[in-house]
Amino acid sequence: MSSMMTLKTCEQNCRLQDSAVCSKCRRRSSVKNPHLEEMKVDILYHLGLTTSDDDLQIMFGDVKFVCVGGTPERMKEFAEYVFKVLGRTNPKDNELCNISKSSRYSLFKAGPVLCVSHGIGSPSISVVLHEIMKLMHHAKAEDPVFLRMGTCGGLGLPPGSVVITSVSVDGMLRPYQELVVLGEKIQRPSTLDEELSKELKIVADKYLKDCTVVVGKTMCADDFYEGQGRLDGAFCEYTQEDKVFYLKKLKEEGVVNIEMESLTFAAMCNTAGVKGGVICVTLLDRLKDDQVTASSETLKEWQLRVLHLAAYYVKAKLTGEI
């Protein structure tokens, strides 16, 4: 498949090649699609926004952080928490409302933080990331940092641990995402930004002192059941011994947790040339259990840990603490 060199034009008529930084406006383009420049209107269908009907630069031009998570409820809660952490306890009536005009994904804005739900699994997060990255491009947002917040199964970690992903691997332990595009396989590296991972660990050590926090390798599965070696799905053609052997092999290879979105997230951030990080809380130790048995109150407390980490990271960056 032939590759194409993409040239972008910023508001000062400077030219951006791939994801290079413009010497005039210092803005980095996150999209690599020459066809966008030929379109009169770009319809961000799954967000319900368009370049013709919405002034995207006014709405989103100040975004510094794009934080994504699985559910609309979690992202609204995160947006509300960000307001408190940043000292903005009295949002205006039109703030913290779902900006998305589609029922597919939710979109909340807490000052410079865009909070987006991505659903479950790689296909779902891929769709919304394509549109969010285009949204940031159209809005002329300056180098936003992308963060994914989620839940996961741990490997040898106590439930409630927070994992900062260093690199995401697939079920065959390959550190890249493999896609079929126009009938050909392409591979995109899935390593997360090292500097961002270090900064997240610094913030975690300061604000999450009551739980285990590790930086490590994440295995991203294609589904929740068979792809993660569970025994409780509708289909299971392997034994308990097969499962344990596989999970122990993952652990021996440095994998500390399993989830379903990090591979696509990391690969797309790499391709876009943006800083990306993944933080997840473990809901169980997969070496011991397949099903989540903690109480709803406990699960709620655990899930708040990654929201708090992300919010305090945002504050630390905005205040120059890190």
# chains A, B, ... in the order shown; residues from 1 in each chain; ligands from 1

call {"tool": "select_by_dssp", "arguments": {"residues": "range 153-246 of chain A", "states": "helix (DSSP H, G or I)", "output": "PDB file with N, CA and C atoms, in the first residue's frame"}}
result
ATOM      1  N   GLU A 194       6.656   7.714  27.283  1.00  0.00           N
ATOM      2  CA  GLU A 194       7.432   7.409  28.492  1.00  0.00           C
ATOM      3  C   GLU A 194       7.434   8.573  29.476  1.00  0.00           C
ATOM      4  N   GLU A 195       7.582   9.775  28.973  1.00  0.00           N
ATOM      5  CA  GLU A 195       7.598  10.943  29.858  1.00  0.00           C
ATOM      6  C   GLU A 195       6.262  11.112  30.573  1.00  0.00           C
ATOM      7  N   LEU A 196       5.175  10.901  29.849  1.00  0.00           N
ATOM      8  CA  LEU A 196       3.846  11.006  30.445  1.00  0.00           C
ATOM      9  C   LEU A 196       3.653   9.934  31.513  1.00  0.00           C
ATOM     10  N   SER A 197       4.117   8.719  31.244  1.00  0.00           N
ATOM     11  CA  SER A 197       4.000   7.642  32.235  1.00  0.00           C
ATOM     12  C   SER A 197       4.741   7.999  33.517  1.00  0.00           C
ATOM     13  N   LYS A 198       5.923   8.580  33.381  1.00  0.00           N
ATOM     14  CA  LYS A 198       6.704   8.976  34.554  1.00  0.00           C
ATOM     15  C   LYS A 198       5.996  10.068  35.338  1.00  0.00           C
ATOM     16  N   GLU A 199       5.407  11.028  34.623  1.00  0.00           N
ATOM     17  CA  GLU A 199       4.693  12.109  35.298  1.00  0.00           C
ATOM     18  C   GLU A 199       3.461  11.582  36.027  1.00  0.00           C
ATOM     19  N   LEU A 200       2.742  10.658  35.412  1.00  0.00           N
ATOM     20  CA  LEU A 200       1.575  10.060  36.070  1.00  0.00           C
ATOM     21  C   LEU A 200       1.981   9.314  37.332  1.00  0.00           C
ATOM     22  N   LYS A 201       3.135   8.643  37.284  1.00  0.00           N
ATOM     23  CA  LYS A 201       3.613   7.915  38.471  1.00  0.00           C
ATOM     24  C   LYS A 201       3.977   8.883  39.589  1.00  0.00           C
ATOM     25  N   ILE A 202       4.569  10.010  39.245  1.00  0.00           N
ATOM     26  CA  ILE A 202       4.901  11.019  40.256  1.00  0.00           C
ATOM     27  C   ILE A 202       3.641  11.518  40.947  1.00  0.00           C
ATOM     28  N   VAL A 203       2.617  11.827  40.159  1.00  0.00           N
ATOM     29  CA  VAL A 203       1.351  12.311  40.723  1.00  0.00           C
ATOM     30  C   VAL A 203       0.681  11.218  41.542  1.00  0.00           C
ATOM     31  N   ALA A 204       0.723   9.978  41.045  1.00  0.00           N
ATOM     32  CA  ALA A 204       0.110   8.859  41.773  1.00  0.00           C
ATOM     33  C   ALA A 204       0.784   8.640  43.120  1.00  0.00           C
ATOM     34  N   ASP A 205       2.096   8.722  43.156  1.00  0.00           N
ATOM     35  CA  ASP A 205       2.819   8.521  44.419  1.00  0.00           C
ATOM     36  C   ASP A 205       2.451   9.586  45.448  1.00  0.00           C
ATOM     37  N   LYS A 206       2.061  10.757  44.970  1.00  0.00           N
ATOM     38  CA  LYS A 206       1.701  11.847  45.882  1.00  0.00           C
ATOM     39  C   LYS A 206       0.259  11.760  46.356  1.00  0.00           C
ATOM     40  N   TYR A 207      -0.646  11.382  45.457  1.00  0.00           N
ATOM     41  CA  TYR A 207      -2.074  11.458  45.781  1.00  0.00           C
ATOM     42  C   TYR A 207      -2.752  10.104  46.002  1.00  0.00           C
ATOM     43  N   GLU A 226     -13.421 -15.092  25.953  1.00  0.00           N
ATOM     44  CA  GLU A 226     -12.389 -15.997  25.440  1.00  0.00           C
ATOM     45  C   GLU A 226     -11.050 -15.293  25.226  1.00  0.00           C
ATOM     46  N   GLY A 227     -11.096 -14.063  24.741  1.00  0.00           N
ATOM     47  CA  GLY A 227      -9.859 -13.332  24.497  1.00  0.00           C
ATOM     48  C   GLY A 227      -9.064 -13.057  25.747  1.00  0.00           C
ATOM     49  N   GLN A 228      -9.723 -13.117  26.910  1.00  0.00           N
ATOM     50  CA  GLN A 228      -9.042 -12.899  28.183  1.00  0.00           C
ATOM     51  C   GLN A 228      -8.869 -14.200  28.970  1.00  0.00           C
ATOM     52  N   GLN A 240      -9.217 -25.308  32.641  1.00  0.00           N
ATOM     53  CA  GLN A 240      -8.681 -24.462  33.712  1.00  0.00           C
ATOM     54  C   GLN A 240      -7.161 -24.433  33.649  1.00  0.00           C
ATOM     55  N   GLU A 241      -6.551 -25.588  33.367  1.00  0.00           N
ATOM     56  CA  GLU A 241      -5.092 -25.670  33.294  1.00  0.00           C
ATOM     57  C   GLU A 241      -4.563 -24.843  32.125  1.00  0.00           C
ATOM     58  N   ASP A 242      -5.272 -24.866  30.989  1.00  0.00           N
ATOM     59  CA  ASP A 242      -4.881 -24.067  29.833  1.00  0.00           C
ATOM     60  C   ASP A 242      -4.906 -22.576  30.185  1.00  0.00           C
ATOM     61  N   LYS A 243      -5.973 -22.194  30.854  1.00  0.00           N
ATOM     62  CA  LYS A 243      -6.132 -20.790  31.240  1.00  0.00           C
ATOM     63  C   LYS A 243      -4.994 -20.341  32.145  1.00  0.00           C
ATOM     64  N   VAL A 244      -4.729 -21.106  33.195  1.00  0.00           N
ATOM     65  CA  VAL A 244      -3.687 -20.740  34.162  1.00  0.00           C
ATOM     66  C   VAL A 244      -2.320 -20.671  33.482  1.00  0.00           C
ATOM     67  N   PHE A 245      -2.054 -21.617  32.590  1.00  0.00           N
ATOM     68  CA  PHE A 245      -0.773 -21.637  31.875  1.00  0.00           C
ATOM     69  C   PHE A 245      -0.604 -20.355  31.068  1.00  0.00           C
ATOM     70  N   TYR A 246      -1.662 -19.933  30.379  1.00  0.00           N
ATOM     71  CA  TYR A 246      -1.599 -18.737  29.546  1.00  0.00           C
ATOM     72  C   TYR A 246      -1.413 -17.480  30.392  1.00  0.00           C
TER      73      TYR A 246
END

call {"tool": "atom_distance", "arguments": {"atom1": "CA of Ala316 in chain A", "atom2": "CA of Leu304 in chain A"}}
result
18.0 Å

call {"tool": "select_by_dssp", "arguments": {"residues": "range 13-243 of chain A", "states": "strand (DSSP E)", "output": "PyMOL selection string"}}
result
chain A and resi 15-17+43-44+49-50+65-69+107-110+113-117+145-154+162-169+176-181+184-189+213-220

call {"tool": "closest_residue", "arguments": {"among": "A:Val169, A:Val180, A:Leu287, A:Ala221", "to": "Gly254 in chain A", "atoms": "only C-alpha atoms"}}
result
A:Val169

call {"tool": "closest_residue", "arguments": {"among": "A:Met39, A:Ile58, A:Val215, A:Leu86", "to": "Leu157 in chain A", "atoms": "only C-alpha atoms"}}
result
A:Val215

call {"tool": "residues_around", "arguments": {"residues": "Glu259 in chain A", "least_positions_apart": "4", "cutoff": "8 Å", "atoms": "only C-alpha atoms", "output": "list in words"}}
result
Thr151, Cys152, Gly153, Thr218, Met219, Cys220 and Ala221 of chain A

call {"tool": "residues_around", "arguments": {"residues": "Ser52 in chain A", "least_positions_apart": "5", "cutoff": "12 Å", "atoms": "only C-alpha atoms", "output": "list in words"}}
result
Met39, Lys40, Val41, Asp42, Ile43, Leu44, Gln57 and His138 of chain A

call {"tool": "closest_residue", "arguments": {"among": "A:His308, A:Lys315, A:Lys140, A:Arg286", "to": "Tyr81 in chain A", "atoms": "only C-alpha atoms"}}
result
A:His308

call {"tool": "closest_residue", "arguments": {"among": "A:Ile132, A:His46, A:Phe108, A:Leu192", "to": "Glu73 in chain A", "atoms": "only C-alpha atoms"}}
result
A:Phe108

call {"tool": "decode", "arguments": {"residues": "range 97-108 of chain A", "atoms": "N, CA and C atoms", "output": "PDB file, in the first residue's frame"}}
result
ATOM      1  N   CYS A  97     -22.701  19.946  30.529  1.00  0.00           N
ATOM      2  CA  CYS A  97     -23.783  19.308  29.800  1.00  0.00           C
ATOM      3  C   CYS A  97     -23.180  18.465  28.680  1.00  0.00           C
ATOM      4  N   ASN A  98     -23.893  17.466  28.249  1.00  0.00           N
ATOM      5  CA  ASN A  98     -23.420  16.616  27.163  1.00  0.00           C
ATOM      6  C   ASN A  98     -23.455  17.403  25.852  1.00  0.00           C
ATOM      7  N   ILE A  99     -22.280  17.714  25.304  1.00  0.00           N
ATOM      8  CA  ILE A  99     -22.188  18.520  24.084  1.00  0.00           C
ATOM      9  C   ILE A  99     -22.508  17.684  22.853  1.00  0.00           C
ATOM     10  N   SER A 100     -22.292  16.381  22.947  1.00  0.00           N
ATOM     11  CA  SER A 100     -22.541  15.518  21.797  1.00  0.00           C
ATOM     12  C   SER A 100     -24.010  15.564  21.394  1.00  0.00           C
ATOM     13  N   LYS A 101     -24.237  15.672  20.100  1.00  0.00           N
ATOM     14  CA  LYS A 101     -25.600  15.674  19.585  1.00  0.00           C
ATOM     15  C   LYS A 101     -25.997  14.298  19.062  1.00  0.00           C
ATOM     16  N   SER A 102     -25.174  13.315  19.362  1.00  0.00           N
ATOM     17  CA  SER A 102     -25.450  11.932  18.985  1.00  0.00           C
ATOM     18  C   SER A 102     -25.654  11.112  20.254  1.00  0.00           C
ATOM     19  N   SER A 103     -26.372  10.009  20.134  1.00  0.00           N
ATOM     20  CA  SER A 103     -26.586   9.136  21.287  1.00  0.00           C
ATOM     21  C   SER A 103     -25.483   8.094  21.423  1.00  0.00           C
ATOM     22  N   ARG A 104     -24.514   8.099  20.517  1.00  0.00           N
ATOM     23  CA  ARG A 104     -23.484   7.068  20.503  1.00  0.00           C
ATOM     24  C   ARG A 104     -22.425   7.292  21.579  1.00  0.00           C
ATOM     25  N   TYR A 105     -21.948   8.530  21.708  1.00  0.00           N
ATOM     26  CA  TYR A 105     -20.910   8.872  22.683  1.00  0.00           C
ATOM     27  C   TYR A 105     -21.312  10.145  23.423  1.00  0.00           C
ATOM     28  N   SER A 106     -20.761  10.328  24.618  1.00  0.00           N
ATOM     29  CA  SER A 106     -20.994  11.557  25.367  1.00  0.00           C
ATOM     30  C   SER A 106     -19.755  12.427  25.328  1.00  0.00           C
ATOM     31  N   LEU A 107     -19.979  13.726  25.509  1.00  0.00           N
ATOM     32  CA  LEU A 107     -18.905  14.701  25.383  1.00  0.00           C
ATOM     33  C   LEU A 107     -19.146  15.811  26.407  1.00  0.00           C
ATOM     34  N   PHE A 108     -18.255  15.913  27.398  1.00  0.00           N
ATOM     35  CA  PHE A 108     -18.362  16.953  28.416  1.00  0.00           C
ATOM     36  C   PHE A 108     -17.079  17.786  28.387  1.00  0.00           C
TER      37      PHE A 108
END
